[in-house]
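Structure below is model.txt: compact mmCIF, C-alpha atoms.
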# COMPACT_ATOMS: atom_id res chain seq x y z
CA MET A 1347 11.86 454.16 3.06
CA VAL A 1348 12.32 450.65 1.67
CA GLY A 1349 15.67 448.97 2.37
CA ASP A 1350 17.58 446.23 0.59
CA GLU A 1351 16.02 442.89 -0.25
CA GLN A 1352 17.02 440.27 2.30
CA THR A 1353 16.48 436.52 2.20
CA ILE A 1354 16.57 433.75 4.79
CA VAL A 1355 15.76 430.05 4.69
CA VAL A 1356 13.35 428.51 7.19
CA SER A 1357 14.78 425.55 9.09
CA ASP A 1358 12.69 422.53 10.01
CA SER A 1359 12.92 423.56 13.67
CA ASP A 1360 10.96 426.72 12.84
CA LYS A 1361 8.12 424.80 11.23
CA GLY A 1362 4.76 425.87 12.67
CA LYS A 1363 5.85 429.37 13.69
CA ARG A 1364 4.14 432.50 12.48
CA ILE A 1365 6.31 434.23 9.94
CA ASP A 1366 6.32 437.57 11.80
CA LYS A 1367 7.68 435.89 14.94
CA PHE A 1368 10.29 434.02 12.89
CA LEU A 1369 11.54 437.22 11.24
CA SER A 1370 11.72 439.15 14.51
CA GLU A 1371 13.82 436.34 15.98
CA ASN A 1372 16.21 436.15 13.04
CA PHE A 1373 16.78 439.80 12.17
CA GLN A 1374 18.57 441.42 15.09
CA GLY A 1375 17.99 445.15 15.58
CA VAL A 1376 14.77 445.14 13.54
CA SER A 1377 11.77 446.51 15.42
CA ARG A 1378 8.28 445.03 15.38
CA THR A 1379 7.06 448.33 13.96
CA GLN A 1380 9.38 447.97 10.97
CA LEU A 1381 8.24 444.40 10.35
CA LYS A 1382 4.57 445.37 10.66
CA LYS A 1383 5.05 448.12 8.07
CA SER A 1384 6.70 445.64 5.71
CA PHE A 1385 3.78 443.23 6.06
CA ASP A 1386 1.26 446.07 5.67
CA ARG A 1387 2.90 447.03 2.39
CA SER A 1388 3.05 443.40 1.18
CA LEU A 1389 6.85 443.34 1.17
CA VAL A 1390 7.34 439.86 2.61
CA PHE A 1391 7.42 437.05 0.03
CA ILE A 1392 7.64 433.28 -0.28
CA LYS A 1393 8.27 432.03 -3.83
CA GLY A 1394 7.52 435.52 -5.13
CA VAL A 1395 4.09 435.69 -3.50
CA SER A 1396 3.48 438.16 -0.66
CA VAL A 1397 2.31 436.57 2.61
CA PRO A 1398 0.60 438.03 5.70
CA ALA A 1399 2.13 438.26 9.18
CA LYS A 1400 -0.03 435.34 10.37
CA TYR A 1401 1.33 432.94 7.73
CA VAL A 1402 2.41 429.68 9.37
CA LEU A 1403 5.76 428.35 8.22
CA ARG A 1404 6.05 424.84 6.78
CA GLY A 1405 9.85 424.54 6.93
CA GLN A 1406 12.46 424.95 4.18
CA GLU A 1407 10.76 427.99 2.64
CA LEU A 1408 12.90 430.80 1.28
CA VAL A 1409 11.60 434.06 2.75
CA THR A 1410 12.32 437.37 1.02
CA LEU A 1411 11.91 440.58 3.01
CA ARG A 1412 11.99 444.22 1.92
CA LEU A 1413 12.38 445.99 5.23
CA ILE A 1414 10.89 449.41 5.90
CA LEU A 1415 13.72 451.50 7.30
CA PRO A 1416 13.16 453.62 10.43
CA ASP A 1417 11.90 457.16 9.81
CA ASP A 1418 14.83 458.60 11.75
CA ILE A 1419 17.43 457.44 9.21
CA THR A 1420 18.63 460.59 7.52
CA LEU A 1421 21.58 461.80 5.50
CA ASN A 1422 23.90 464.15 7.35
CA PRO A 1423 26.76 465.64 5.34
CA VAL A 1424 29.96 465.01 7.31
CA PRO A 1425 33.34 466.59 6.46
CA MET A 1426 35.61 463.75 5.40
CA LEU A 1427 39.08 463.54 3.89
CA LEU A 1428 38.37 462.37 0.33
CA ASP A 1429 40.91 460.99 -2.14
CA ILE A 1430 39.26 462.36 -5.30
CA LEU A 1431 40.50 460.64 -8.45
CA PHE A 1432 38.27 462.43 -10.97
CA GLU A 1433 35.56 465.06 -10.81
CA ASP A 1434 33.52 467.15 -13.23
CA GLU A 1435 29.98 468.53 -13.31
CA ASP A 1436 28.41 465.07 -13.81
CA ILE A 1437 30.43 462.51 -11.83
CA ILE A 1438 32.95 462.13 -9.04
CA VAL A 1439 35.26 459.14 -8.54
CA VAL A 1440 36.99 458.61 -5.21
CA ASN A 1441 39.52 456.16 -3.80
CA LYS A 1442 37.49 454.67 -0.95
CA SER A 1443 39.30 453.75 2.26
CA ALA A 1444 38.72 450.34 3.83
CA GLY A 1445 36.35 450.37 6.82
CA ILE A 1446 33.92 452.94 5.42
CA VAL A 1447 30.35 451.98 4.47
CA VAL A 1448 29.23 453.39 1.12
CA HIS A 1449 25.66 454.41 2.05
CA VAL A 1450 23.30 454.45 5.02
CA GLY A 1451 20.96 451.58 5.74
CA ASN A 1452 19.47 449.58 8.55
CA GLY A 1453 22.10 449.15 11.26
CA THR A 1454 24.48 451.77 9.83
CA SER A 1455 25.62 454.28 12.44
CA ALA A 1456 29.06 455.60 11.45
CA PRO A 1457 29.34 458.36 8.82
CA THR A 1458 29.12 456.88 5.33
CA LEU A 1459 31.04 457.73 2.18
CA VAL A 1460 27.91 459.26 0.66
CA GLU A 1461 27.62 461.60 3.63
CA GLY A 1462 31.28 462.54 3.26
CA ILE A 1463 30.84 463.33 -0.43
CA LEU A 1464 27.68 465.37 0.28
CA SER A 1465 29.82 467.68 2.41
CA HIS A 1466 31.93 468.27 -0.70
CA CYS A 1467 29.31 468.42 -3.48
CA SER A 1468 25.70 467.57 -4.37
CA LEU A 1469 24.75 464.16 -5.76
CA SER A 1470 22.03 462.92 -8.10
CA GLY A 1471 18.56 462.61 -6.59
CA SER A 1472 17.52 459.77 -8.88
CA GLY A 1473 17.05 456.36 -7.30
CA ASN A 1474 16.86 455.72 -3.54
CA PRO A 1475 16.88 459.05 -1.61
CA LEU A 1476 19.18 457.49 1.01
CA ARG A 1477 21.69 456.57 -1.72
CA PRO A 1478 22.06 459.68 -3.85
CA GLY A 1479 24.46 459.22 -6.74
CA VAL A 1480 25.16 455.56 -5.94
CA VAL A 1481 25.49 453.44 -9.11
CA HIS A 1482 27.62 450.60 -7.69
CA ARG A 1483 29.13 449.59 -4.37
CA LEU A 1484 32.23 448.30 -2.64
CA ASP A 1485 32.11 446.23 0.53
CA LYS A 1486 32.88 448.05 3.76
CA ASP A 1487 36.36 446.53 4.02
CA THR A 1488 37.21 446.79 0.32
CA SER A 1489 39.19 449.84 -0.76
CA GLY A 1490 39.52 451.49 -4.14
CA ALA A 1491 37.85 453.36 -6.99
CA ILE A 1492 34.12 453.97 -6.79
CA ILE A 1493 31.94 456.18 -9.00
CA PHE A 1494 29.17 458.53 -7.85
CA THR A 1495 26.93 460.70 -10.03
CA LYS A 1496 26.11 464.37 -9.54
CA THR A 1497 23.40 464.67 -12.21
CA ASP A 1498 20.34 462.61 -13.02
CA ARG A 1499 21.37 462.11 -16.65
CA ALA A 1500 24.72 460.68 -15.54
CA TYR A 1501 22.99 458.43 -12.99
CA LEU A 1502 20.52 456.94 -15.48
CA GLN A 1503 23.21 456.36 -18.11
CA LEU A 1504 25.70 454.74 -15.71
CA ILE A 1505 23.02 452.42 -14.31
CA LYS A 1506 22.44 451.19 -17.87
CA MET A 1507 26.18 450.86 -18.51
CA PHE A 1508 26.70 448.72 -15.40
CA ALA A 1509 23.70 446.56 -16.34
CA THR A 1510 25.06 445.98 -19.86
CA ARG A 1511 28.64 445.36 -18.65
CA LYS A 1512 30.12 448.37 -20.39
CA ILE A 1513 32.28 449.35 -17.42
CA LYS A 1514 35.60 447.56 -16.91
CA LYS A 1515 36.48 446.97 -13.26
CA THR A 1516 39.90 445.74 -12.19
CA TYR A 1517 40.90 444.64 -8.70
CA GLN A 1518 44.07 443.61 -6.93
CA THR A 1519 44.03 440.99 -4.21
CA ILE A 1520 46.34 438.75 -2.20
CA VAL A 1521 45.19 435.14 -1.92
CA CYS A 1522 46.41 432.02 -0.20
CA GLY A 1523 48.42 429.36 -2.02
CA THR A 1524 50.04 429.12 -5.42
CA PHE A 1525 48.78 428.41 -8.95
CA THR A 1526 49.91 425.99 -11.66
CA LYS A 1527 49.25 428.53 -14.43
CA SER A 1528 49.67 432.28 -14.72
CA PHE A 1529 46.09 433.19 -15.59
CA GLY A 1530 42.59 431.77 -15.57
CA GLU A 1531 38.84 432.35 -15.57
CA ILE A 1532 36.24 431.46 -12.95
CA CYS A 1533 32.70 430.94 -14.21
CA LEU A 1534 30.63 429.96 -11.18
CA PRO A 1535 27.08 431.30 -10.62
CA ILE A 1536 26.49 433.06 -7.30
CA GLN A 1537 23.45 433.38 -5.07
CA ARG A 1538 22.72 434.39 -1.49
CA ASP A 1539 23.39 431.76 1.16
CA ARG A 1540 20.02 430.39 2.27
CA SER A 1541 21.02 429.96 5.91
CA ILE A 1542 23.41 432.90 6.43
CA ARG A 1543 21.80 435.92 4.79
CA THR A 1544 24.94 438.08 4.90
CA LYS A 1545 26.95 435.61 2.80
CA MET A 1546 26.95 434.54 -0.84
CA VAL A 1547 27.67 431.08 -2.26
CA THR A 1548 28.35 429.48 -5.62
CA SER A 1549 25.37 427.51 -6.90
CA THR A 1550 24.10 426.19 -10.21
CA SER A 1551 20.84 428.02 -9.48
CA GLY A 1552 22.61 431.35 -8.92
CA LYS A 1553 23.22 434.28 -11.29
CA GLU A 1554 26.04 434.20 -13.83
CA ALA A 1555 29.36 435.40 -12.42
CA ILE A 1556 32.66 435.60 -14.32
CA SER A 1557 36.05 436.58 -12.91
CA ARG A 1558 39.32 436.60 -14.88
CA TRP A 1559 42.59 436.61 -12.99
CA HIS A 1560 46.29 436.69 -13.67
CA ILE A 1561 49.31 436.52 -11.39
CA LEU A 1562 51.21 439.70 -10.59
CA LYS A 1563 53.65 438.04 -8.19
CA SER A 1564 54.00 434.76 -6.30
CA PHE A 1565 55.34 434.52 -2.76
CA GLY A 1566 56.63 430.95 -2.41
CA GLN A 1567 53.88 428.44 -1.78
CA GLN A 1568 52.12 430.70 0.70
CA PHE A 1569 50.54 433.67 -1.07
CA THR A 1570 49.88 435.10 -4.54
CA HIS A 1571 49.28 438.69 -5.63
CA LEU A 1572 46.57 438.70 -8.31
CA GLN A 1573 44.91 441.11 -10.68
CA VAL A 1574 41.24 440.27 -11.21
CA ASN A 1575 38.81 441.62 -13.81
CA ILE A 1576 35.14 440.99 -13.15
CA LEU A 1577 32.80 440.71 -16.12
CA THR A 1578 29.78 440.65 -13.82
CA GLY A 1579 29.13 442.53 -10.59
CA ARG A 1580 27.71 440.06 -8.10
CA THR A 1581 27.80 440.73 -4.37
CA HIS A 1582 31.13 439.53 -2.89
CA GLN A 1583 32.00 438.05 -6.30
CA ILE A 1584 35.79 437.93 -6.05
CA ARG A 1585 35.72 436.82 -2.42
CA VAL A 1586 33.30 433.98 -3.19
CA HIS A 1587 35.10 432.89 -6.37
CA MET A 1588 38.53 432.77 -4.73
CA ALA A 1589 37.17 430.75 -1.83
CA ALA A 1590 35.44 428.39 -4.27
CA ILE A 1591 38.75 427.52 -5.99
CA HIS A 1592 40.44 427.07 -2.59
CA HIS A 1593 42.44 430.31 -2.69
CA PRO A 1594 40.69 432.47 -0.06
CA ILE A 1595 41.69 436.11 0.17
CA LEU A 1596 44.19 436.98 2.87
CA GLY A 1597 42.25 438.26 5.88
CA ASP A 1598 38.81 437.21 4.60
CA THR A 1599 37.66 435.04 7.50
CA THR A 1600 34.06 435.21 6.22
CA TYR A 1601 35.05 433.24 3.14
CA GLY A 1602 37.48 430.65 4.38
CA TYR A 1603 40.69 432.40 5.42
CA ASP A 1604 42.23 430.71 8.47
CA LYS A 1605 43.95 433.15 10.83
CA ASN A 1606 46.47 430.41 11.61
CA PHE A 1607 47.44 429.97 7.96
CA SER A 1608 50.46 432.23 8.46
CA LYS A 1609 51.60 433.56 11.82
CA LEU A 1610 53.96 435.95 10.06
CA VAL A 1611 51.32 437.85 8.06
CA VAL A 1612 48.42 439.49 9.85
CA SER A 1613 45.65 441.37 8.05
CA LEU A 1614 42.79 443.17 9.75
CA ARG A 1615 40.63 443.08 6.61
CA PRO A 1616 40.37 441.18 3.32
CA MET A 1617 43.21 442.25 1.02
CA LEU A 1618 40.99 443.41 -1.85
CA HIS A 1619 41.34 446.73 -3.68
CA ALA A 1620 39.44 448.16 -6.67
CA SER A 1621 42.53 449.37 -8.55
CA GLU A 1622 41.09 450.64 -11.83
CA VAL A 1623 37.84 451.52 -13.56
CA VAL A 1624 37.51 452.23 -17.28
CA PHE A 1625 34.33 453.56 -18.87
CA ASP A 1626 32.91 455.99 -21.39
CA HIS A 1627 31.82 459.19 -19.71
CA PRO A 1628 28.01 458.98 -19.37
CA CYS A 1629 27.50 462.47 -20.79
CA THR A 1630 30.47 463.28 -23.05
CA GLY A 1631 31.21 459.75 -24.30
CA LYS A 1632 34.95 460.27 -23.73
CA THR A 1633 36.77 457.14 -22.52
CA ILE A 1634 38.03 457.57 -18.97
CA SER A 1635 40.61 455.33 -17.28
CA ILE A 1636 41.03 455.90 -13.56
CA LYS A 1637 43.53 454.15 -11.30
CA ALA A 1638 43.37 454.07 -7.52
CA GLN A 1639 46.65 453.84 -5.64
CA LEU A 1640 47.06 450.87 -3.30
CA PRO A 1641 46.40 451.79 0.35
CA LEU A 1642 49.19 451.69 2.93
CA ASP A 1643 48.04 448.45 4.59
CA PHE A 1644 48.04 446.63 1.24
CA VAL A 1645 51.52 447.95 0.38
CA GLN A 1646 52.85 446.95 3.81
CA VAL A 1647 51.58 443.40 3.40
CA LEU A 1648 53.21 443.13 -0.04
CA GLN A 1649 56.49 444.40 1.42
CA LEU A 1650 56.31 441.88 4.25
CA LEU A 1651 55.66 439.06 1.81
CA SER A 1652 58.56 440.14 -0.44
CA GLU A 1653 60.92 440.18 2.52
CA ASN A 1654 59.94 436.77 3.85
CA PHE A 1655 58.88 434.55 0.91
Taking this structure as input, can you express it in the form of structure tokens?
Amino acid sequence: MVGDEQTIVVSDSDKGKRIDKFLSENFQGVSRTQLKKSFDRSLVFIKGVSVPAKYVLRGQELVTLRLILPDDITLNPVPMLLDILFEDEDIIVVNKSAGIVVHVGNGTSAPTLVEGILSHCSLSGSGNPLRPGVVHRLDKDTSGAIIFTKTDRAYLQLIKMFATRKIKKTYQTIVCGTFTKSFGEICLPIQRDRSIRTKMVTSTSGKEAISRWHILKSFGQQFTHLQVNILTGRTHQIRVHMAAIHHPILGDTTYGYDKNFSKLVVSLRPMLHASEVVFDHPCTGKTISIKAQLPLDFVQVLQLLSENF
């Protein structure tokens, strides 16, 4: 099974190393057997060209790896308390809890949301067998509405709809600082960080990313409750965009939040919630608007901010 595409930049200190040794040193938990299978299937690239395991690095290359996942990764339906927002014969929409990974992958051990849904119903077999019914994702620590497909026709249609931006996604978030205007738009391209493969960054060479925000409530000079609509669906888009305009999301230490910013407010995860999704049903064409209630931790933070700012 082929996993996600991963990229990493080669530092000058790694110049002269064989690429297989470099990858084994920089991808923790990845076995030599997995890497060998990726090389055997020509799934390691530099500038779009596959390279062999014996390739000697020159420094500053951007390496792209499609990792072969271990054979023992399987899907195991696990009973899970699901907050189902909508369900029919073609799709199911749930309000995902923070802390749950959407689908299995390399390094995933805890039960995933897909496995929880499979204990409730069957999902589409189109696409990656380890990600049945998955047409979009939410980060592990992001809560909110997420769509899964039960039938192949729904899967294929929703994939096209996401690609052509025909699905409206709305989020709520709490960010640091205050704003001089009540609404705005962020148009900053995003790409994967070349040195930290798990992060994204804004870059002129990245892919188009557009986020529109407006203020729901301000809490003094400290925090602001925002509604954000994303016109594109880049990885970590809202988190990266808010950090780029110097308003990191409360609790998002990966993208610039300082734990010492406020000793009064403590958050164990980024305060980001997918609050609404609007789309035309992939099979009936009927417009569907689904709202996901804010989780308890988000509500408690808002209450604390209202009481103190």
Residue neighbourhood segment 1409-1411 of chain A, 10 Å, all atoms listed in the file, exclusion window fewer than 4 positions, as a list of chain:residue names: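 Near neighbours after the sequence-gap exclusion: A:Gly1349, A:Asp1350, A:Glu1351, A:Gln1352, A:Thr1353, A:Ile1354, A:Val1355, A:Val1356, A:Ile1365, A:Leu1369, A:Leu1381, A:Ser1384, A:Phe1385, A:Ser1388, A:Leu1389, A:Val1390, A:Phe1391, A:Ile1392, A:Lys1393, A:Gly1394, A:Val1395, A:Ser1396, A:Val1397, A:Leu1403, A:Arg1540.
Excluding Lys1563 of chain A and any residue on its chain fewer than 3 positions from it, the residues at most 8 Å away by only C-alpha atoms are Thr1570, His1571 and Leu1572 of chain A.
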Residue selection dump (C-alpha atoms) as a PDB file, in the coordinates of the input:
ATOM      1  CA  THR A1570      49.880 435.100  -4.540  1.00  0.00           C
ATOM      2  CA  HIS A1571      49.280 438.690  -5.630  1.00  0.00           C
ATOM      3  CA  LEU A1572      46.570 438.700  -8.310  1.00  0.00           C
TER       4      LEU A1572
END
A:Gly1602, A:Pro1616, A:Ser1652, A:Gly1473 ranked by distance to Ala1590 of chain A, top pick (using only C-alpha atoms):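 The answer is A:Gly1602, which sits nearest to Ala1590 of chain A.
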Residues near Thr1495 of chain A, cut-off 7 Å, all atoms listed in the file, skip fewer than 4 positions along chain, as a list of chain:residue names: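 Returned residues: A:Asp1436, A:Ile1437, A:Ile1438, A:Leu1469, A:Ser1470, A:Gly1479, A:Val1480, A:Ala1500, A:Tyr1501.
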Restricted to C-alpha atoms, what would the selected residues look like written as a tab-separated table (two decimals), in the frame of the given file?
chain	number	residue	atom	x	y	z
A	1436	ASP	CA	28.41	465.07	-13.81
A	1437	ILE	CA	30.43	462.51	-11.83
A	1438	ILE	CA	32.95	462.13	-9.04
A	1469	LEU	CA	24.75	464.16	-5.76
A	1470	SER	CA	22.03	462.92	-8.10
A	1479	GLY	CA	24.46	459.22	-6.74
A	1480	VAL	CA	25.16	455.56	-5.94
A	1500	ALA	CA	24.72	460.68	-15.54
A	1501	TYR	CA	22.99	458.43	-12.99
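Atom CA of Tyr1401 of chain A is found 11.2 Å from atom CA of Lys1361 of chain A.
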d(atom CA of Thr1599 of chain A, atom CA of Leu1648 of chain A) in Å: 19.1 Å
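Among the candidates A:Ile1591, A:Leu1413, A:Leu1484, A:Cys1467, the residue lying nearest to Gly1523 of chain A is A:Ile1591 (atoms considered: only C-alpha atoms).
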For atom CA of Asp1498 of chain A and atom CA of Pro1425 of chain A, the interatomic separation in Å (one decimal): 23.8 Å
Surrounding residues of Thr1420 of chain A excluding itself and chain neighbours under 5 positions, 10 Å, all atoms listed in the file, as JSON, numbers by chain: {"A": [1450, 1451, 1461, 1475, 1476]}
Selected residue, from A:Arg1499, A:Lys1609, A:Lys1553, A:His1627, that lies nearest to Gln1583 of chain A when counting all atoms listed in the file: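 Under the stated criterion, the closest residue is A:Lys1553.
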What would segment 1427-1451 of chain A look like with N, CA and C atoms in place, written as a short mmCIF file (atom, residue, chain, number, x, y, z; two decimals), keeping the file's coordinate frame?
data_model
loop_
_atom_site.label_atom_id
_atom_site.label_comp_id
_atom_site.auth_asym_id
_atom_site.auth_seq_id
_atom_site.Cartn_x
_atom_site.Cartn_y
_atom_site.Cartn_z
N LEU A 1427 37.93 463.44 4.78
CA LEU A 1427 39.08 463.54 3.89
C LEU A 1427 38.85 462.60 2.72
N LEU A 1428 38.68 463.16 1.52
CA LEU A 1428 38.37 462.37 0.33
C LEU A 1428 39.58 462.33 -0.60
N ASP A 1429 39.87 461.15 -1.11
CA ASP A 1429 40.91 460.99 -2.14
C ASP A 1429 40.18 461.00 -3.49
N ILE A 1430 40.03 462.19 -4.06
CA ILE A 1430 39.26 462.36 -5.30
C ILE A 1430 40.15 462.05 -6.50
N LEU A 1431 39.73 461.08 -7.30
CA LEU A 1431 40.50 460.64 -8.45
C LEU A 1431 40.07 461.35 -9.74
N PHE A 1432 38.80 461.73 -9.79
CA PHE A 1432 38.27 462.43 -10.97
C PHE A 1432 37.00 463.15 -10.55
N GLU A 1433 36.79 464.33 -11.11
CA GLU A 1433 35.56 465.06 -10.81
C GLU A 1433 35.26 466.06 -11.92
N ASP A 1434 34.01 466.09 -12.34
CA ASP A 1434 33.52 467.15 -13.23
C ASP A 1434 32.09 467.46 -12.82
N GLU A 1435 31.33 468.11 -13.69
CA GLU A 1435 29.98 468.53 -13.31
C GLU A 1435 28.99 467.37 -13.22
N ASP A 1436 29.34 466.20 -13.77
CA ASP A 1436 28.41 465.07 -13.81
C ASP A 1436 28.74 463.93 -12.85
N ILE A 1437 30.03 463.66 -12.63
CA ILE A 1437 30.43 462.51 -11.83
C ILE A 1437 31.59 462.87 -10.91
N ILE A 1438 31.78 462.04 -9.90
CA ILE A 1438 32.95 462.13 -9.04
C ILE A 1438 33.39 460.71 -8.73
N VAL A 1439 34.69 460.46 -8.83
CA VAL A 1439 35.26 459.14 -8.54
C VAL A 1439 36.25 459.31 -7.40
N VAL A 1440 36.10 458.50 -6.36
CA VAL A 1440 36.99 458.61 -5.21
C VAL A 1440 37.66 457.27 -4.93
N ASN A 1441 38.80 457.35 -4.26
CA ASN A 1441 39.52 456.16 -3.80
C ASN A 1441 39.04 455.89 -2.38
N LYS A 1442 38.11 454.96 -2.24
CA LYS A 1442 37.49 454.67 -0.95
C LYS A 1442 38.48 453.99 -0.01
N SER A 1443 38.49 454.41 1.23
CA SER A 1443 39.30 453.75 2.26
C SER A 1443 38.57 452.52 2.79
N ALA A 1444 39.32 451.52 3.20
CA ALA A 1444 38.72 450.34 3.83
C ALA A 1444 38.11 450.75 5.17
N GLY A 1445 36.99 450.10 5.54
CA GLY A 1445 36.35 450.37 6.82
C GLY A 1445 35.22 451.36 6.74
N ILE A 1446 35.00 451.96 5.58
CA ILE A 1446 33.92 452.94 5.42
C ILE A 1446 32.76 452.33 4.63
N VAL A 1447 31.54 452.46 5.15
CA VAL A 1447 30.35 451.98 4.47
C VAL A 1447 29.96 452.99 3.39
N VAL A 1448 29.53 452.50 2.24
CA VAL A 1448 29.23 453.39 1.12
C VAL A 1448 27.99 454.25 1.39
N HIS A 1449 26.89 453.64 1.83
CA HIS A 1449 25.66 454.41 2.05
C HIS A 1449 24.95 453.96 3.30
N VAL A 1450 24.03 454.77 3.79
CA VAL A 1450 23.30 454.45 5.02
C VAL A 1450 22.31 453.33 4.75
N GLY A 1451 21.93 452.66 5.82
CA GLY A 1451 20.96 451.58 5.74
C GLY A 1451 20.64 451.12 7.14
#
